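Colleague: Structure: input.cif, mmCIF, C-alpha atoms and all ligand atoms.
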```cif
data_final
#
loop_
_atom_site.label_atom_id
_atom_site.label_comp_id
_atom_site.auth_asym_id
_atom_site.auth_seq_id
_atom_site.Cartn_x
_atom_site.Cartn_y
_atom_site.Cartn_z
CA MET A 1132 -16.21 -24.10 0.92
CA TYR A 1133 -13.44 -21.74 -0.14
CA LYS A 1134 -10.07 -23.23 -1.01
CA ILE A 1135 -7.23 -20.93 -0.02
CA ALA A 1136 -3.56 -21.50 -0.81
CA VAL A 1137 -1.27 -20.03 1.83
CA ILE A 1138 2.31 -19.03 1.08
CA PRO A 1139 3.79 -17.82 4.38
CA GLY A 1140 7.10 -16.97 2.66
CA ASP A 1141 10.22 -15.51 4.21
CA GLY A 1142 11.24 -13.48 7.24
CA THR A 1143 8.29 -12.23 9.22
CA GLY A 1144 5.86 -13.56 6.57
CA PRO A 1145 4.96 -16.71 8.55
CA GLU A 1146 4.39 -14.71 11.77
CA VAL A 1147 1.97 -12.24 10.20
CA VAL A 1148 0.21 -14.93 8.16
CA ARG A 1149 -0.41 -16.90 11.37
CA GLU A 1150 -2.28 -13.91 12.80
CA GLY A 1151 -4.19 -13.40 9.56
CA LEU A 1152 -5.30 -17.04 9.62
CA LYS A 1153 -6.31 -16.67 13.26
CA VAL A 1154 -8.59 -13.77 12.32
CA LEU A 1155 -9.89 -15.68 9.30
CA GLU A 1156 -10.85 -18.61 11.51
CA ALA A 1157 -12.69 -16.37 13.97
CA ALA A 1158 -14.45 -14.54 11.13
CA GLY A 1159 -15.51 -17.86 9.57
CA LYS A 1160 -17.12 -18.99 12.81
CA LYS A 1161 -18.89 -15.69 13.33
CA TYR A 1162 -20.07 -15.11 9.77
CA ASN A 1163 -20.65 -18.71 8.84
CA PHE A 1164 -18.36 -19.37 5.95
CA LYS A 1165 -16.28 -22.48 5.49
CA TYR A 1166 -12.85 -22.72 3.97
CA GLU A 1167 -9.84 -24.96 3.83
CA THR A 1168 -6.22 -23.88 3.59
CA LYS A 1169 -3.09 -25.54 2.30
CA LEU A 1170 0.42 -24.32 2.99
CA PHE A 1171 2.96 -23.97 0.18
CA ASN A 1172 6.65 -23.39 0.89
CA PHE A 1173 7.45 -21.29 -2.16
CA ASP A 1174 10.09 -19.13 -0.51
CA GLY A 1175 13.77 -18.27 -0.03
CA GLN A 1176 14.32 -21.21 2.29
CA ARG A 1177 13.24 -23.69 -0.36
CA TYR A 1178 15.31 -21.88 -2.99
CA LEU A 1179 18.45 -22.11 -0.85
CA LYS A 1180 17.85 -25.84 -0.36
CA THR A 1181 16.74 -26.85 -3.84
CA GLY A 1182 17.57 -24.00 -6.24
CA LYS A 1183 13.89 -23.85 -7.15
CA THR A 1184 11.93 -20.65 -7.34
CA LEU A 1185 8.49 -21.33 -8.80
CA GLU A 1186 8.08 -24.27 -11.16
CA ASP A 1187 5.33 -24.78 -13.70
CA GLN A 1188 3.88 -27.58 -11.57
CA ASP A 1189 3.74 -25.20 -8.59
CA ILE A 1190 1.60 -22.84 -10.65
CA GLU A 1191 -0.58 -25.77 -11.69
CA ALA A 1192 -1.04 -26.78 -8.04
CA LEU A 1193 -2.14 -23.25 -7.15
CA LYS A 1194 -4.79 -23.34 -9.84
CA ASN A 1195 -6.83 -25.65 -7.59
CA TYR A 1196 -7.44 -22.77 -5.20
CA GLN A 1197 -9.76 -19.78 -5.29
CA ALA A 1198 -7.38 -17.36 -3.62
CA ILE A 1199 -3.79 -17.11 -2.45
CA TYR A 1200 -2.74 -15.61 0.86
CA LEU A 1201 0.89 -14.52 0.82
CA GLY A 1202 3.16 -13.39 3.67
CA ALA A 1203 6.35 -11.98 2.15
CA ILE A 1204 9.02 -12.98 -0.33
CA GLY A 1205 12.66 -11.92 0.22
CA HIS A 1206 15.58 -13.62 1.95
CA PRO A 1207 18.79 -11.88 3.11
CA ASP A 1208 20.98 -14.76 1.84
CA VAL A 1209 19.58 -14.64 -1.69
CA LYS A 1210 20.81 -12.07 -4.20
CA PRO A 1211 18.15 -9.37 -4.86
CA GLY A 1212 16.00 -10.12 -7.88
CA ILE A 1213 16.00 -13.92 -7.83
CA LEU A 1214 13.07 -14.51 -5.49
CA GLU A 1215 11.27 -11.34 -6.53
CA THR A 1216 11.19 -12.25 -10.21
CA GLY A 1217 11.28 -16.03 -9.68
CA ILE A 1218 8.42 -16.22 -7.19
CA LEU A 1219 6.45 -13.01 -6.64
CA LEU A 1220 6.42 -11.65 -10.19
CA LYS A 1221 6.06 -15.15 -11.61
CA LEU A 1222 2.93 -15.65 -9.51
CA ARG A 1223 1.49 -12.30 -10.60
CA PHE A 1224 2.28 -12.87 -14.28
CA SER A 1225 1.44 -16.53 -14.68
CA LEU A 1226 -1.91 -16.16 -12.90
CA ASP A 1227 -2.52 -12.97 -14.93
CA GLN A 1228 -3.19 -10.91 -11.82
CA TYR A 1229 -3.21 -7.77 -13.88
CA ILE A 1230 -4.40 -5.40 -11.17
CA ASN A 1231 -2.56 -4.50 -8.01
CA LEU A 1232 -5.14 -2.91 -5.77
CA ARG A 1233 -3.69 -0.86 -2.95
CA PRO A 1234 -6.01 1.04 -0.62
CA VAL A 1235 -4.50 3.98 1.25
CA LYS A 1236 -6.65 4.71 4.27
CA LEU A 1237 -5.72 6.48 7.47
CA TYR A 1238 -7.35 4.84 10.49
CA ASN A 1239 -5.98 7.09 13.21
CA ALA A 1240 -4.64 10.65 12.73
CA ALA A 1241 -2.10 10.07 15.51
CA PHE A 1242 -0.21 7.64 13.24
CA CYS A 1243 -0.08 9.96 10.24
CA PRO A 1244 3.26 11.65 9.59
CA LEU A 1245 1.46 14.56 7.88
CA LYS A 1246 0.48 17.54 9.99
CA ASP A 1247 -3.25 18.20 10.40
CA LYS A 1248 -4.45 15.33 8.22
CA LYS A 1249 -7.43 13.37 9.49
CA PRO A 1250 -8.84 9.98 8.48
CA GLU A 1251 -11.39 11.67 6.18
CA ASP A 1252 -8.49 13.34 4.31
CA ILE A 1253 -6.64 10.14 3.50
CA ASP A 1254 -8.88 7.58 1.88
CA PHE A 1255 -7.98 6.65 -1.67
CA VAL A 1256 -7.11 3.57 -3.70
CA VAL A 1257 -4.28 3.04 -6.16
CA VAL A 1258 -5.05 0.75 -9.09
CA ARG A 1259 -1.60 -0.32 -10.24
CA GLU A 1260 -1.20 -2.15 -13.54
CA ASN A 1261 0.45 -5.41 -12.50
CA SER A 1262 1.46 -7.32 -15.62
CA GLU A 1263 3.36 -5.01 -17.97
CA GLY A 1264 5.45 -1.84 -18.09
CA LEU A 1265 9.03 -1.90 -16.86
CA TYR A 1266 8.24 -5.07 -14.90
CA LYS A 1267 7.94 -7.05 -18.11
CA GLY A 1268 11.69 -7.66 -17.89
CA MET A 1269 12.44 -6.69 -21.48
CA GLY A 1270 15.75 -5.20 -22.39
CA GLU A 1271 19.36 -5.97 -23.04
CA PHE A 1272 22.95 -5.12 -22.33
CA LYS A 1273 25.23 -3.91 -25.08
CA ASP A 1274 28.98 -4.24 -24.59
CA LYS A 1275 28.44 -5.40 -21.03
CA GLY A 1276 31.32 -4.68 -18.69
CA THR A 1277 33.04 -2.24 -21.07
CA LYS A 1278 33.28 1.54 -20.91
CA ASP A 1279 30.77 1.69 -23.74
CA GLU A 1280 28.19 -0.42 -21.97
CA VAL A 1281 24.54 0.34 -22.61
CA ALA A 1282 21.71 -1.15 -20.53
CA ILE A 1283 18.27 -0.94 -22.04
CA GLN A 1284 15.13 -1.56 -19.97
CA ILE A 1285 11.91 -1.43 -21.89
CA SER A 1286 8.51 -0.33 -20.66
CA TYR A 1287 6.12 -2.62 -22.51
CA ASN A 1288 2.54 -1.35 -22.76
CA THR A 1289 -0.13 -3.02 -24.85
CA ARG A 1290 -3.42 -1.42 -25.79
CA ARG A 1291 -5.21 -4.48 -24.38
CA GLY A 1292 -3.22 -4.42 -21.14
CA VAL A 1293 -3.67 -0.70 -20.62
CA GLU A 1294 -7.35 -0.81 -21.51
CA ARG A 1295 -8.26 -3.65 -19.14
CA CYS A 1296 -6.52 -1.87 -16.30
CA ILE A 1297 -8.17 1.48 -16.98
CA ARG A 1298 -11.56 -0.19 -17.37
CA TYR A 1299 -11.11 -1.96 -14.04
CA ALA A 1300 -10.26 1.39 -12.43
CA PHE A 1301 -13.38 3.09 -13.80
CA GLU A 1302 -15.58 0.21 -12.65
CA TYR A 1303 -13.90 0.16 -9.24
CA CYS A 1304 -14.35 3.92 -8.86
CA ARG A 1305 -18.04 3.64 -9.72
CA LYS A 1306 -18.58 0.77 -7.30
CA ARG A 1307 -16.65 2.50 -4.53
CA ASN A 1308 -19.06 5.40 -4.95
CA ARG A 1309 -17.14 7.95 -2.91
CA LYS A 1310 -15.93 11.04 -4.78
CA LYS A 1311 -16.35 9.25 -8.10
CA LYS A 1312 -13.10 10.73 -9.31
CA LEU A 1313 -10.46 8.81 -11.24
CA THR A 1314 -6.98 10.27 -11.59
CA LEU A 1315 -4.62 9.00 -14.26
CA CYS A 1316 -1.10 9.22 -12.87
CA GLY A 1317 1.62 9.19 -15.52
CA LYS A 1318 4.36 11.13 -17.22
CA THR A 1319 2.93 12.35 -20.51
CA ASN A 1320 5.44 15.22 -20.65
CA VAL A 1321 8.48 12.95 -21.02
CA LEU A 1322 7.50 9.32 -21.69
CA THR A 1323 5.80 10.18 -24.94
CA TYR A 1324 5.14 6.66 -26.24
CA ALA A 1325 3.83 4.80 -23.22
CA TRP A 1326 1.90 7.68 -21.73
CA ASP A 1327 0.47 8.75 -25.04
CA LEU A 1328 -1.13 5.30 -25.25
CA TRP A 1329 -2.31 5.48 -21.64
CA GLN A 1330 -3.75 8.98 -22.07
CA ARG A 1331 -5.54 8.14 -25.33
CA THR A 1332 -6.99 4.96 -23.88
CA PHE A 1333 -8.04 6.75 -20.69
CA ASN A 1334 -9.80 9.52 -22.62
CA GLU A 1335 -11.62 7.02 -24.80
CA ILE A 1336 -12.84 4.81 -21.97
CA ALA A 1337 -13.82 7.89 -19.93
CA LYS A 1338 -16.57 8.59 -22.49
CA GLU A 1339 -18.34 5.44 -21.27
CA TYR A 1340 -18.25 6.60 -17.65
CA THR A 1341 -19.89 10.03 -17.66
CA ASP A 1342 -20.69 9.66 -13.93
CA ILE A 1343 -16.96 9.63 -13.10
CA THR A 1344 -14.92 12.84 -12.94
CA THR A 1345 -11.52 12.36 -14.55
CA ASP A 1346 -8.24 14.00 -13.70
CA TYR A 1347 -4.59 13.69 -14.65
CA ALA A 1348 -1.44 14.08 -12.54
CA HIS A 1349 2.18 13.68 -13.54
CA VAL A 1350 3.73 11.13 -11.19
CA ASP A 1351 6.21 13.59 -9.70
CA ALA A 1352 3.45 16.05 -8.90
CA ALA A 1353 1.32 13.20 -7.53
CA THR A 1354 3.97 12.44 -4.88
CA MET A 1355 3.83 16.09 -3.87
CA TRP A 1356 0.04 15.99 -3.59
CA PHE A 1357 0.06 12.74 -1.59
CA VAL A 1358 1.82 14.80 1.07
CA LYS A 1359 0.21 18.20 0.57
CA ASN A 1360 -3.38 17.40 -0.46
CA PRO A 1361 -4.12 13.68 -0.16
CA GLU A 1362 -7.81 14.59 0.20
CA TRP A 1363 -7.91 15.36 -3.53
CA PHE A 1364 -7.69 11.68 -4.45
CA ASP A 1365 -10.32 8.99 -4.73
CA VAL A 1366 -9.08 6.35 -7.19
CA ILE A 1367 -5.75 6.62 -9.01
CA VAL A 1368 -4.80 4.46 -11.98
CA THR A 1369 -1.17 4.12 -13.00
CA ASP A 1370 1.41 1.79 -14.51
CA ASN A 1371 3.40 -0.90 -12.75
CA MET A 1372 6.54 1.08 -11.91
CA PHE A 1373 4.88 4.31 -10.85
CA GLY A 1374 2.33 2.28 -8.89
CA ASP A 1375 5.09 0.51 -7.04
CA ILE A 1376 6.72 3.78 -6.05
CA ILE A 1377 3.68 5.82 -5.09
CA THR A 1378 2.16 3.04 -3.00
CA ASP A 1379 5.16 2.98 -0.66
CA LEU A 1380 4.55 6.69 -0.14
CA GLY A 1381 0.86 5.88 0.25
CA ALA A 1382 1.70 3.29 2.90
CA MET A 1383 3.64 5.88 4.89
CA VAL A 1384 0.87 8.49 4.85
CA GLN A 1385 -1.62 5.90 6.08
CA GLY A 1386 0.62 5.04 9.01
CA GLY A 1387 3.39 2.82 7.66
CA MET A 1388 4.10 -0.60 6.23
CA GLY A 1389 2.56 -2.23 9.29
CA ILE A 1390 -0.93 -1.40 8.07
CA ALA A 1391 -0.65 -1.41 4.26
CA ALA A 1392 -2.32 -4.29 2.41
CA GLY A 1393 -2.82 -5.06 -1.23
CA GLY A 1394 -4.45 -7.47 -3.63
CA ASN A 1395 -3.05 -8.87 -6.86
CA ILE A 1396 -6.28 -9.29 -8.73
CA ASN A 1397 -7.29 -11.39 -11.68
CA PRO A 1398 -10.97 -10.40 -11.93
CA GLN A 1399 -11.72 -13.64 -13.79
CA GLY A 1400 -9.28 -15.91 -11.98
CA ILE A 1401 -7.21 -16.49 -8.87
CA SER A 1402 -6.23 -13.42 -6.88
CA MET A 1403 -3.48 -13.11 -4.29
CA PHE A 1404 -3.49 -10.97 -1.17
CA GLU A 1405 -0.46 -9.73 0.73
CA PRO A 1406 0.84 -7.17 3.18
CA ILE A 1407 2.86 -4.80 0.97
CA GLY A 1408 5.84 -4.41 3.30
CA GLY A 1409 8.66 -6.87 2.79
CA SER A 1410 9.94 -9.82 4.80
CA ALA A 1411 11.61 -7.52 7.39
CA PRO A 1412 14.41 -10.01 8.22
CA LYS A 1413 15.68 -8.06 11.22
CA TYR A 1414 12.40 -8.59 13.06
CA THR A 1415 12.02 -12.28 12.20
CA GLY A 1416 10.96 -14.54 15.04
CA LYS A 1417 10.82 -11.71 17.59
CA ASN A 1418 7.02 -11.50 17.85
CA VAL A 1419 7.23 -7.72 17.32
CA ILE A 1420 6.14 -7.23 13.71
CA ASN A 1421 2.77 -5.58 13.09
CA PRO A 1422 0.37 -8.20 11.66
CA LEU A 1423 -2.36 -5.69 10.79
CA ALA A 1424 -1.31 -5.34 7.14
CA ALA A 1425 -1.59 -9.12 6.77
CA ILE A 1426 -4.90 -9.11 8.64
CA CYS A 1427 -6.22 -6.36 6.35
CA ALA A 1428 -5.01 -8.41 3.36
CA ALA A 1429 -7.06 -11.34 4.68
CA GLY A 1430 -10.02 -8.94 4.85
CA MET A 1431 -9.48 -7.93 1.23
CA MET A 1432 -9.35 -11.61 0.30
CA LEU A 1433 -12.70 -12.25 2.00
CA GLU A 1434 -14.28 -9.31 0.20
CA ASN A 1435 -12.95 -10.67 -3.08
CA LEU A 1436 -14.40 -14.11 -2.28
CA GLY A 1437 -17.79 -12.50 -1.66
CA GLU A 1438 -17.75 -12.31 2.15
CA LYS A 1439 -18.25 -8.55 2.25
CA LYS A 1440 -19.80 -8.52 5.72
CA ALA A 1441 -16.94 -10.44 7.31
CA ALA A 1442 -14.44 -8.22 5.48
CA ASP A 1443 -16.13 -5.07 6.82
CA MET A 1444 -16.13 -6.48 10.35
CA ILE A 1445 -12.42 -7.22 10.15
CA GLU A 1446 -11.75 -3.66 9.02
CA ASN A 1447 -13.92 -2.28 11.81
CA ALA A 1448 -12.06 -4.35 14.39
CA VAL A 1449 -8.75 -3.08 13.00
CA ILE A 1450 -10.00 0.53 13.15
CA LYS A 1451 -11.10 0.00 16.73
CA ILE A 1452 -7.84 -1.37 18.03
CA VAL A 1453 -5.77 1.13 16.03
CA ASN A 1454 -7.70 3.90 17.77
CA GLU A 1455 -8.13 2.43 21.23
CA LYS A 1456 -5.23 0.11 21.88
CA LEU A 1457 -2.07 0.38 19.79
CA LYS A 1458 0.61 2.88 20.81
CA SER A 1459 2.22 2.82 17.37
CA LEU A 1460 1.92 0.87 14.13
CA ALA A 1461 5.68 0.26 13.97
CA ALA A 1462 7.38 -3.06 14.77
CA GLY A 1463 8.33 -3.30 18.42
CA LYS A 1464 6.49 -0.13 19.39
CA MET A 1465 2.87 -1.25 19.32
CA GLY A 1466 2.62 -1.85 23.06
CA TYR A 1467 1.62 -5.42 22.16
CA SER A 1468 3.29 -8.41 20.57
CA THR A 1469 2.44 -9.68 17.09
CA GLN A 1470 0.27 -12.43 18.61
CA GLU A 1471 -1.46 -10.06 21.00
CA VAL A 1472 -2.42 -7.74 18.15
CA GLY A 1473 -3.99 -10.73 16.35
CA ASP A 1474 -5.86 -11.62 19.55
CA LEU A 1475 -7.10 -8.04 19.90
CA VAL A 1476 -8.56 -8.12 16.38
CA VAL A 1477 -10.29 -11.44 17.13
CA ALA A 1478 -11.67 -10.11 20.40
CA ASN A 1479 -13.12 -7.09 18.60
CA LEU A 1480 -14.75 -8.88 15.67
C1 LIG B 1501 5.75 -4.66 -4.17
C2 LIG B 1501 7.18 -5.04 -4.07
C3 LIG B 1501 7.56 -5.87 -5.28
C4 LIG B 1501 7.33 -5.01 -6.51
C5 LIG B 1501 8.99 -6.41 -5.26
C6 LIG B 1501 9.29 -7.21 -4.01
C7 LIG B 1501 9.29 -7.22 -6.50
O1 LIG B 1501 7.99 -3.92 -3.93
O2 LIG B 1501 4.89 -5.55 -4.14
O3 LIG B 1501 5.45 -3.46 -4.28
O4 LIG B 1501 8.22 -4.25 -6.91
O5 LIG B 1501 6.25 -5.10 -7.07
MN MN B 1502 6.91 -2.07 -3.84
#
```
Please express the file's structure as structure tokens.
Modeller:
Amino acid sequence: MYKIAVIPGDGTGPEVVREGLKVLEAAGKKYNFKYETKLFNFDGQRYLKTGKTLEDQDIEALKNYQAIYLGAIGHPDVKPGILETGILLKLRFSLDQYINLRPVKLYNAAFCPLKDKKPEDIDFVVVRENSEGLYKGMGEFKDKGTKDEVAIQISYNTRRGVERCIRYAFEYCRKRNRKKKLTLCGKTNVLTYAWDLWQRTFNEIAKEYTDITTDYAHVDAATMWFVKNPEWFDVIVTDNMFGDIITDLGAMVQGGMGIAAGGNINPQGISMFEPIGGSAPKYTGKNVINPLAAICAAGMMLENLGEKKAADMIENAVIKIVNEKLKSLAAGKMGYSTQEVGDLVVANL
């Protein structure tokens, strides 16, 4: 019996989570696994009512679950930064979900904005460090509000934090068993403290993985290659900030935010799975948002829980309907409503 905490969140989060849970239920019946879910209202709505983001007792409550399924965090009436740091980043940090795993896989060439790229050309995974770097929130203002103001934002990188992330990436690359190539994506030519540590750690750990080919790309060049030669990549490991940026580009080359899923992983603890697009307030309640990213996130959650077969079947159903049914992956243009897309996945399991 798996215990899953569900945080539908803001905007279109609840709509896409509903479809993900629908698919989960069908998969459970078909592949014989049992689970129970509990809903938690850690979102913008609750913040506006109570002023609470995420309290220590909320974190404690979540520790009774094996996985967290998240819709989206972000509310148009709340100033940017409050819910993001107060809920999403707090979840990632306090549950030590130190890996953000973001697969970039093209399911149908027709939905790729790049000319002449086929599904076999776009199939890589970004391993984003998820607990340190610029996201650590370290820094200060000096002389705030004056002409001499200085704002300092620190990228905090520990040997331990960098090493566990790089190690995870090597292991993941080996297990994935595709090109067996791991690319370190950084900025060694300018950020000479942080990326010196990353590069040294990477080179050291690489000696333990002689079956994996290693490569390095500066982050600016990597964005160029995502567009020009995405087929070069297999697994990419990078820091929190660069990982955030390049995975939005990754989402676009795989067909858009409607299909991009990710996992916030604590390999020894509770992981959290989410569609990587935001709460899309303008589409809220219209039954037009694409639920496939959330459905794929549910698939990733099942794989993480050990239900590999069910996870593969969900992915296959998604591939099938993306190739045979959907007119587009964009909200309002799919040729089907949010609920109908969920039904199509269930029907094709
Ligand atoms: C993401 C998002 C978050 C991030 C925001 C909402 C804080 O963009 O999951 O990529 O920057 O990590
Ligand atoms: Mn992002």
Colleague: Step by step, measure atom-to-atom distances between ligand MN 1502 (chain B) and each residue using only C-alpha atoms and all ligand atoms, keep those at most 9 Å, then write them as a count of residues only.
Modeller: 10
Colleague: With a distance cut-off of 9 Å and all atoms listed in the file, select the neighbouring residues of region 1251-1266 of chain A, excluding the residue or stretch itself and same-chain residues fewer than 6 positions from it, and output the selection as a PyMOL selection string.
Modeller: chain A and resi 1220+1223-1224+1227-1238+1284-1289+1292-1293+1296-1297+1299-1300+1303-1304+1325+1357+1360-1375+1377-1378+1381+1384-1385+1395-1396
Colleague: Listed atoms of ligand LIG 1501 (chain B), axis-aligned box, 5 Å per side: centre and edge lengths to one decimal in Å, as lines of an AutoDock Vina configuration file?
Modeller:
```
center_x = 7.1
center_y = -5.3
center_z = -5.5
size_x = 14.4
size_y = 13.8
size_z = 13.1
```
Colleague: Choose the residue, out of A:Gly1151, A:Gly1394, A:Pro1145, A:Gly1159, that has the smallest atom-to-atom separation from ligand LIG 1501 (chain B); count only C-alpha atoms and all ligand atoms.
Modeller: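 Ranked by minimum distance to ligand LIG 1501 (chain B), first place goes to A:Gly1394.
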Colleague: Which residue out of A:Glu1156, A:Asp1189, A:Glu1405, A:Asp1443 has the minimum interatomic distance to ligand LIG 1501 (chain B) when only C-alpha atoms and all ligand atoms are used?
Modeller: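 Selected residue with least distance to ligand LIG 1501 (chain B): A:Glu1405.
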Colleague: Just how far from CA of Asn1421 (chain A) is CA of Met1465 (chain A), in Å to one decimal?
Modeller: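 Interatomic distance, CA of Met1465 (chain A) to CA of Asn1421 (chain A): 7.6 Å.
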Colleague: Mind giving me the straight-line distance from CA of Ala1158 (chain A) to CA of Leu1480 (chain A) in Å, one decimal?
Modeller: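 Computed distance, CA of Ala1158 (chain A) to CA of Leu1480 (chain A), equals 7.3 Å.
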Colleague: Select, from A:Ile1199, A:Ile1138, A:Ile1218, A:Ala1192, the residue with the minimum atom-to-atom distance to ligand LIG 1501 (chain B), counting all atoms listed in the file.
Modeller: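 When distances to ligand LIG 1501 (chain B) are compared using all atoms listed in the file, the smallest one comes from A:Ile1218.
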Colleague: Which value, in Å to one decimal, gives the distance between CA of Thr1469 (chain A) and CA of Gly1430 (chain A)?
Modeller: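 Interatomic distance, CA of Thr1469 (chain A) to CA of Gly1430 (chain A): 17.5 Å.
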Colleague: Smallest atom-to-atom distance to ligand LIG 1501 (chain B): which of A:Leu1380, A:Val1281, A:Ala1442, A:Leu1226, using only C-alpha atoms and all ligand atoms?
Modeller: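 Between A:Leu1380, A:Val1281, A:Ala1442, A:Leu1226, the residue approaching ligand LIG 1501 (chain B) most closely is A:Leu1380.
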Colleague: May I have the residues within 12 Å of Pro1139 (chain A) as an mmCIF file with C-alpha atoms, in the frame of the given file, using all atoms listed in the file and disregarding those fewer than 2 positions away in the same chain?
Modeller:
```cif
data_model
loop_
_atom_site.group_PDB
_atom_site.id
_atom_site.type_symbol
_atom_site.label_atom_id
_atom_site.label_comp_id
_atom_site.auth_asym_id
_atom_site.auth_seq_id
_atom_site.Cartn_x
_atom_site.Cartn_y
_atom_site.Cartn_z
ATOM 1 C CA ALA A 1136 -3.560 -21.500 -0.810
ATOM 2 C CA VAL A 1137 -1.270 -20.030 1.830
ATOM 3 C CA ASP A 1141 10.220 -15.510 4.210
ATOM 4 C CA GLY A 1142 11.240 -13.480 7.240
ATOM 5 C CA THR A 1143 8.290 -12.230 9.220
ATOM 6 C CA GLY A 1144 5.860 -13.560 6.570
ATOM 7 C CA PRO A 1145 4.960 -16.710 8.550
ATOM 8 C CA GLU A 1146 4.390 -14.710 11.770
ATOM 9 C CA VAL A 1147 1.970 -12.240 10.200
ATOM 10 C CA VAL A 1148 0.210 -14.930 8.160
ATOM 11 C CA ARG A 1149 -0.410 -16.900 11.370
ATOM 12 C CA GLU A 1150 -2.280 -13.910 12.800
ATOM 13 C CA GLY A 1151 -4.190 -13.400 9.560
ATOM 14 C CA LEU A 1152 -5.300 -17.040 9.620
ATOM 15 C CA THR A 1168 -6.220 -23.880 3.590
ATOM 16 C CA LYS A 1169 -3.090 -25.540 2.300
ATOM 17 C CA LEU A 1170 0.420 -24.320 2.990
ATOM 18 C CA PHE A 1171 2.960 -23.970 0.180
ATOM 19 C CA ASN A 1172 6.650 -23.390 0.890
ATOM 20 C CA PHE A 1173 7.450 -21.290 -2.160
ATOM 21 C CA ASP A 1174 10.090 -19.130 -0.510
ATOM 22 C CA GLY A 1175 13.770 -18.270 -0.030
ATOM 23 C CA GLN A 1176 14.320 -21.210 2.290
ATOM 24 C CA ILE A 1199 -3.790 -17.110 -2.450
ATOM 25 C CA TYR A 1200 -2.740 -15.610 0.860
ATOM 26 C CA LEU A 1201 0.890 -14.520 0.820
ATOM 27 C CA GLY A 1202 3.160 -13.390 3.670
ATOM 28 C CA ALA A 1203 6.350 -11.980 2.150
ATOM 29 C CA ILE A 1204 9.020 -12.980 -0.330
ATOM 30 C CA GLY A 1205 12.660 -11.920 0.220
ATOM 31 C CA PHE A 1404 -3.490 -10.970 -1.170
ATOM 32 C CA GLU A 1405 -0.460 -9.730 0.730
ATOM 33 C CA PRO A 1406 0.840 -7.170 3.180
ATOM 34 C CA SER A 1410 9.940 -9.820 4.800
ATOM 35 C CA ALA A 1425 -1.590 -9.120 6.770
#
```
Colleague: Have a look at A:Tyr1340, A:Glu1302, A:Leu1185, A:Asp1346 and name the one nearest to Pro1398 (chain A); count all atoms listed in the file.
Modeller: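 Ranking A:Tyr1340, A:Glu1302, A:Leu1185, A:Asp1346 by distance to Pro1398 (chain A), first place goes to A:Glu1302.
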Colleague: Would you please work out which residue, of A:Ala1352, A:Ala1461, A:Met1388, A:Val1358, is nearest to ligand LIG 1501 (chain B) when using all atoms listed in the file?
Modeller: A:Met1388
Colleague: At a cut-off of 10 Å from (2.4, 16.3, -17.7) in the coordinates of the file, what residues are picked up using only C-alpha atoms, written as a PyMOL selection string?
Modeller: chain A and resi 1316-1322+1326+1347-1352
Colleague: May I have the residues within 12 Å of Lys1165 (chain A) as a PyMOL selection string, using all atoms listed in the file and disregarding those fewer than 5 positions away in the same chain?
Modeller: chain A and resi 1132-1135+1155-1160+1433+1436+1438
